[in-house]
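Novice: Pasting in a structure now, in structure tokens, and then I'll have a few things to ask.
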Amino acid sequence: MDEALRTKIDRLNMQALELRYTDLEGAISLCEKAADLAKSDLSSDVYYQGWGESLFNLGEFSSQSGNFHRALSYYFKSLLAYESIADRHKIAFVLYAIGNSYSNLGDFPNALEHYLTALDIARELKDRLCEATALNGIGSLYMQLGEWQKALPYLDDSLNIAETTNNLSLQAKVSEHLCSCLCQLKDYENALSCGLRSVRLCQECGDLKAEAEVLYAVGEVYLLMEDQNQAMIHFQRSLAISEAIDLKIQPIRALRSISQLYFRKGSADRAQELLHEALRRAEALDIKREQYACHQMLASAYKEMGNYEKALVHYEKFHAIKEILFNEEADLRLKTLETTFQAQKARKEAEIYQLKNVALQQEIEQRKQTQAELERMARIDPLTNIYNRRYFFHLAEAEFKRSLRYKHLLSLIMIDVDYFKHINDNFGHLIGDQVLVEIARRIQETVREVDICCRFGGEEFLVLLPETNAVSARLVAERIRQRIAGSMFNTNNGKVPVSISLGIADSVDVEKLDTVISHADAALYEAKRLGRNQVVIYDGQTVPGWSEGSKSLN
């Protein structure tokens with residue numbers, strides 16, 4: 001490809017970047033034209049550098065529009081272009097962008113994997129800017145997981161490198177993340193300082209997208225500092241900029257926060273109008289977390305206004321989405337831990353192999369302990385400290401196959417907390433969590449060491465009893481029931497009465513573990529139907545009700 005055409009492609013890509021915030025459709029059109037020119041002759045002569053840049057820009061524009069799936073498609077094509085010419089500097093930056101898209105989609109394991117790969121390449125190339133960018137990505141990922149303290153060292157390292165390399169744009173992004181992180185850690189003064197610095201840097205760089213995001217973050221800090229006027233000013237500026245450049249997600253957040261301030265000022269009608277607009281946009285983009293927040297705020301607003309019918313509608317939708325998010329995020333958190341463990345394990349094995357000095361043995365032992373802790377976290381439910389659903393299936397399947405092989409019976413008890421929604425509603429979700437922890441403790445203290453207990457989901461628990469028929473399992477279930485219902489639960493909010501319903505099934509004439517669970521679930525439903533706080537054994541007549549993702553009666 002001749003030099004003149006390459007120059008034209010580069011110019012088209014540069015023009016597209018200049019238009020991204022004023023004429024997004026025009027920017028996209030220019031990049032598509034550049035991409036077509038760059039690969040006009042696939043058989044012999046492709047300008048891979050220009051092609052990769054065009055595809056990368058199209059990915060950035062898709063992210064700007066909130067279409068992260070389409071952005072991923074462009075990024076992966078850009079990655080192939082840069083791999084064709086072995087441009088590892090560009091490869092690292094594309095991997096970081098892919099990590100961002102996965103992070104925005106809530107796929108934290110894939111996000112972490114791509115951030116770590118980008119970090120490895122950057123350090124191998126001694127590319128400090130790329131290293132800082134990857135560190136910023138990892139820090140932001142920990143923020144999304146709510147691990148604010150873990151995020152800080154990554155962000156601090158990233159900011160130090162960005163300042164050393166005098167990269168204003170990256171300094172602005174990292175300062176914004178530090179603002180949000182320090183705000184969550186209740187260090188409001190430093191959070192505000194980082195946020196205002198980021199605003200100034202964004203304005204110097206002309207990065208409108210970043211400016212809209214950090215203005216929102218600063219508004220949140222002012223809100224927590226009880227400065228409602230400054231909070232409103234920053235939220236409105238964030239909304240104005242994000243709508244001017246056609247961002248999709250940021251305006252939803254700004255609308256929610258502005259509506260909150262209108263409620264505080266007593267302008268309920270205006271607040272509701274803004275909230276419904278935010279909800280409409282969140283539903284159009286299918287962003288469940290934003291829908292969840294909007295329904296929660298609308299439920300509280302209508303309740304405060306005395307419109308209990310509408311409050312109930314939004315409250316039920318809020319809880320339905322919350323259940324979906326709980327299941328999705330629990331699974332993603334587990335996968336993220338597994339990804340972290342595998343990445344750390346690979347690095348540690350390589351380092352341990354090189355250790356020749358006996359004085360470093362203590363370090364090796366510490367690393368083994370870290371690996372053991374990560375393995376434990378991949379098995380254990382973080383709230384109740386008993387096995388999680390995934391690891392339960394791993395153990396239970398093995399136990400079930402053993403029972404089939406040796407023709408021994410096993411039984412399963414399915415447990416559900418009665419009226420758990422009422423406990424959450426009347427005492428609060430923190431007290432509800434305390435109740436679940438105490439129930440798990442009492443169950444474990446009642447069963448044998450060989451029995452397998454897990455938190456099945458929400459307020460449901462499972463206990464698998466090897467070498468046990470349904471009649472013997474009933475005795476165990478009654479002991480558990482009495483242990484729960486026999487005494488009040490001491491919590492930080494006083495004593496709470498709790499009872500449970502239990503369903504039992506054994507493996508007689510059953511060939512699959514799922515069937516035993518289904519039978520136990522059917523028995524549990526029968527216990528609920530009969531009035532709760534009792535034990536029912538599956539009788540072979542009740543229609544089984546369990547399937548992956550099913551919900552028990554409350």
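Quick note on naming: the chains in the structure tokens go A, B, ... in the order shown, residues restart at 1 in each chain, and ligands are numbered from 1 in order of appearance.
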Find the residues near Ser140 of chain A: any atom within 10 Å, counting only C-alpha atoms, skip ones fewer than 6 places away on the same chain, and give them as number ranges by chain.

Specialist: A: 100, 103, 134, 146-148, 151-152, 154-155, 174, 177-178, 180-181

Novice: Fewer than 5 positions away in the same chain doesn't count, so skip those; otherwise give me all residues within 12 Å of Gly432 of chain A, counting only C-alpha atoms, as a PyMOL selection string.

Specialist: chain A and resi 383-384+417+419-427+437-439+458-459+489-493+496-498

Novice: Those same residues, written as a short mmCIF file (atom, residue, chain, number, x, y, z; two decimals), in the first residue's frame with N, CA and C atoms?

Specialist:
```cif
data_model
loop_
_atom_site.label_atom_id
_atom_site.label_comp_id
_atom_site.auth_asym_id
_atom_site.auth_seq_id
_atom_site.Cartn_x
_atom_site.Cartn_y
_atom_site.Cartn_z
N LEU A 383 -20.91 -15.27 53.46
CA LEU A 383 -21.75 -14.79 54.57
C LEU A 383 -21.83 -15.82 55.68
N THR A 384 -22.23 -17.05 55.36
CA THR A 384 -22.54 -18.05 56.38
C THR A 384 -21.36 -18.93 56.75
N VAL A 417 -36.14 -20.66 55.36
CA VAL A 417 -36.53 -19.84 56.50
C VAL A 417 -37.95 -19.30 56.27
N TYR A 419 -41.02 -16.91 56.34
CA TYR A 419 -41.29 -15.47 56.37
C TYR A 419 -40.00 -14.64 56.47
N PHE A 420 -39.00 -15.07 55.72
CA PHE A 420 -37.71 -14.35 55.79
C PHE A 420 -37.85 -12.93 55.27
N LYS A 421 -38.72 -12.73 54.29
CA LYS A 421 -38.96 -11.37 53.77
C LYS A 421 -39.46 -10.45 54.89
N HIS A 422 -40.28 -11.00 55.78
CA HIS A 422 -40.78 -10.18 56.88
C HIS A 422 -39.65 -9.79 57.83
N ILE A 423 -38.71 -10.70 58.03
CA ILE A 423 -37.56 -10.38 58.90
C ILE A 423 -36.77 -9.22 58.30
N ASN A 424 -36.50 -9.31 56.98
CA ASN A 424 -35.77 -8.22 56.31
C ASN A 424 -36.54 -6.91 56.37
N ASP A 425 -37.86 -6.99 56.13
CA ASP A 425 -38.68 -5.78 56.10
C ASP A 425 -38.78 -5.12 57.48
N ASN A 426 -38.94 -5.96 58.53
CA ASN A 426 -39.18 -5.43 59.87
C ASN A 426 -37.91 -5.09 60.64
N PHE A 427 -36.84 -5.84 60.36
CA PHE A 427 -35.62 -5.64 61.14
C PHE A 427 -34.45 -5.11 60.32
N VAL A 437 -26.58 -16.31 59.23
CA VAL A 437 -25.31 -16.80 59.81
C VAL A 437 -25.59 -17.71 61.00
N GLU A 438 -26.51 -17.30 61.87
CA GLU A 438 -26.82 -18.09 63.07
C GLU A 438 -27.50 -19.41 62.69
N ILE A 439 -28.38 -19.38 61.69
CA ILE A 439 -29.03 -20.62 61.24
C ILE A 439 -27.98 -21.60 60.73
N GLY A 458 -30.03 -17.48 48.67
CA GLY A 458 -30.97 -16.67 49.45
C GLY A 458 -31.07 -17.20 50.86
N GLU A 459 -32.30 -17.61 51.27
CA GLU A 459 -32.52 -18.13 52.62
C GLU A 459 -32.70 -19.65 52.62
N PHE A 489 -33.50 -15.58 68.36
CA PHE A 489 -32.18 -15.26 67.84
C PHE A 489 -31.74 -13.90 68.38
N ASN A 490 -30.59 -13.86 69.03
CA ASN A 490 -30.05 -12.60 69.53
C ASN A 490 -29.34 -11.87 68.40
N THR A 491 -29.78 -10.64 68.10
CA THR A 491 -29.17 -9.84 67.03
C THR A 491 -28.83 -8.46 67.56
N ASN A 492 -28.19 -7.67 66.73
CA ASN A 492 -27.85 -6.30 67.13
C ASN A 492 -29.09 -5.42 67.29
N ASN A 493 -30.24 -5.93 66.85
CA ASN A 493 -31.49 -5.17 66.94
C ASN A 493 -32.49 -5.85 67.87
N VAL A 496 -35.04 -11.92 67.76
CA VAL A 496 -35.86 -12.14 66.57
C VAL A 496 -36.38 -13.57 66.58
N PRO A 497 -37.71 -13.78 66.47
CA PRO A 497 -38.23 -15.15 66.38
C PRO A 497 -38.03 -15.70 64.96
N VAL A 498 -37.58 -16.94 64.88
CA VAL A 498 -37.30 -17.55 63.58
C VAL A 498 -37.81 -18.99 63.59
#
```

Novice: Which residues are close to Val313 of chain A, i.e. within 12 Å by only C-alpha atoms, leaving aside same-chain residues fewer than 3 positions away? Reply as a PyMOL selection string.

Specialist: chain A and resi 295-296+298-300+302-303+307-310+316-320

Novice: Output as a PyMOL selection string all residues of segment 16-200 of chain A that backbone DSSP marks as helix (DSSP H, G or I).

Specialist: chain A and resi 16-19+24-38+48-64+68-84+88-104+108-125+128-144+148-164+168-184+188-200

Novice: Which one is closest to Glu243 of chain A: A:Glu397, A:Asp227, A:Asp2, A:Glu213? Count only C-alpha atoms.

Specialist: A:Glu213

Novice: Mind pulling up the distance from atom CA of Leu72 of chain A to atom CA of Val94 of chain A?

Specialist: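 Computed distance, atom CA of Val94 of chain A to atom CA of Leu72 of chain A, equals 10.0 Å.
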
Novice: Find the nearest atom pair between each residue of segment 234-290 of chain A and segment 13-27 of chain A for residues within 8 Å, count only C-alpha atoms, give distances in Å to one decimal, sort rows by chain and ascending number, and present the table as a tab-separated table.

Specialist:
```
residue	atom	partner	partner_atom	distance
A:Ala244	CA	A:Tyr21	CA	7.9
A:Ile245	CA	A:Tyr21	CA	4.8
A:Asp246	CA	A:Tyr21	CA	7.8
```

Novice: The selected residues should be written to file as a PDB file, in the first residue's frame (atoms: all heavy atoms).

Specialist:
```pdb
ATOM      1  N   ALA A 244     -25.009  15.882  26.039  1.00  0.00           N
ATOM      2  CA  ALA A 244     -24.489  16.618  24.875  1.00  0.00           C
ATOM      3  C   ALA A 244     -23.623  15.729  23.993  1.00  0.00           C
ATOM      4  O   ALA A 244     -23.605  15.877  22.760  1.00  0.00           O
ATOM      5  CB  ALA A 244     -23.694  17.836  25.341  1.00  0.00           C
ATOM      6  N   ILE A 245     -22.892  14.785  24.611  1.00  0.00           N
ATOM      7  CA  ILE A 245     -22.023  13.892  23.826  1.00  0.00           C
ATOM      8  C   ILE A 245     -22.642  12.507  23.674  1.00  0.00           C
ATOM      9  O   ILE A 245     -21.972  11.557  23.277  1.00  0.00           O
ATOM     10  CB  ILE A 245     -20.618  13.799  24.450  1.00  0.00           C
ATOM     11  CG1 ILE A 245     -20.690  13.213  25.865  1.00  0.00           C
ATOM     12  CG2 ILE A 245     -19.933  15.144  24.456  1.00  0.00           C
ATOM     13  CD1 ILE A 245     -19.323  12.995  26.496  1.00  0.00           C
ATOM     14  N   ASP A 246     -23.928  12.402  24.029  1.00  0.00           N
ATOM     15  CA  ASP A 246     -24.713  11.180  23.787  1.00  0.00           C
ATOM     16  C   ASP A 246     -24.175   9.968  24.534  1.00  0.00           C
ATOM     17  O   ASP A 246     -24.120   8.853  24.001  1.00  0.00           O
ATOM     18  CB  ASP A 246     -24.771  10.878  22.286  1.00  0.00           C
ATOM     19  CG  ASP A 246     -25.937   9.949  21.944  1.00  0.00           C
ATOM     20  OD1 ASP A 246     -26.938   9.980  22.677  1.00  0.00           O
ATOM     21  OD2 ASP A 246     -25.833   9.193  20.961  1.00  0.00           O
TER      22      ASP A 246
END
```

Novice: Just give me the gap between atom CA of Ile28 of chain A and atom CA of Ser62 of chain A in Å, one decimal is fine.

Specialist: 9.1 Å

Novice: Which neighbours of Ile415 of chain A fall inside 9 Å, counting only C-alpha atoms, when residues of the same chain fewer than 5 positions from it are skipped, and could you give them as a PyMOL selection string?

Specialist: chain A and resi 459-463+477+500-503+521+524

Novice: Kindly save the residues from that selection, with N, CA, C and O atoms included, as a tab-separated table (two decimals), in the first residue's frame.

Specialist:
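Once written, result.tsv looks like this:
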```
chain	number	residue	atom	x	y	z
A	459	GLU	N	-32.30	-17.61	51.27
A	459	GLU	CA	-32.52	-18.13	52.62
A	459	GLU	C	-32.70	-19.65	52.62
A	459	GLU	O	-33.27	-20.21	53.56
A	460	GLU	N	-32.25	-20.34	51.60
A	460	GLU	CA	-32.37	-21.80	51.50
A	460	GLU	C	-31.05	-22.49	51.82
A	460	GLU	O	-29.98	-22.00	51.44
A	461	PHE	N	-31.15	-23.64	52.51
A	461	PHE	CA	-29.99	-24.44	52.86
A	461	PHE	C	-30.26	-25.89	52.46
A	461	PHE	O	-31.41	-26.34	52.40
A	462	LEU	N	-29.18	-26.63	52.19
A	462	LEU	CA	-29.27	-28.06	51.91
A	462	LEU	C	-28.34	-28.81	52.85
A	462	LEU	O	-27.23	-28.35	53.16
A	463	VAL	N	-28.80	-30.00	53.28
A	463	VAL	CA	-27.95	-30.91	54.06
A	463	VAL	C	-28.04	-32.28	53.42
A	463	VAL	O	-29.14	-32.84	53.29
A	477	ALA	N	-33.70	-33.83	60.93
A	477	ALA	CA	-34.42	-32.62	60.54
A	477	ALA	C	-35.21	-32.04	61.71
A	477	ALA	O	-35.26	-30.81	61.89
A	500	ILE	N	-38.32	-22.53	60.64
A	500	ILE	CA	-37.95	-23.04	59.33
A	500	ILE	C	-38.89	-24.16	58.91
A	500	ILE	O	-39.52	-24.81	59.75
A	501	SER	N	-38.98	-24.36	57.61
A	501	SER	CA	-39.69	-25.51	57.05
A	501	SER	C	-38.66	-26.40	56.37
A	501	SER	O	-37.69	-25.92	55.79
A	502	LEU	N	-38.90	-27.74	56.46
A	502	LEU	CA	-37.91	-28.68	55.96
A	502	LEU	C	-38.57	-29.76	55.11
A	502	LEU	O	-39.65	-30.28	55.46
A	503	GLY	N	-37.96	-30.07	53.98
A	503	GLY	CA	-38.41	-31.16	53.11
A	503	GLY	C	-37.33	-32.22	53.01
A	503	GLY	O	-36.14	-31.90	52.90
A	521	ASP	N	-37.42	-30.63	47.42
A	521	ASP	CA	-38.06	-29.34	47.19
A	521	ASP	C	-39.58	-29.47	47.21
A	521	ASP	O	-40.29	-28.62	47.77
A	524	LEU	N	-40.62	-29.75	50.72
A	524	LEU	CA	-40.52	-28.44	51.37
A	524	LEU	C	-41.74	-27.58	51.04
A	524	LEU	O	-42.32	-26.92	51.92
```

Novice: Gln64 of chain A: which residues within 8 Å, counting only C-alpha atoms, same-chain residues fewer than 6 positions away excluded, as an MDAnalysis selection string?

Specialist: chainID A and resid 209 246:248
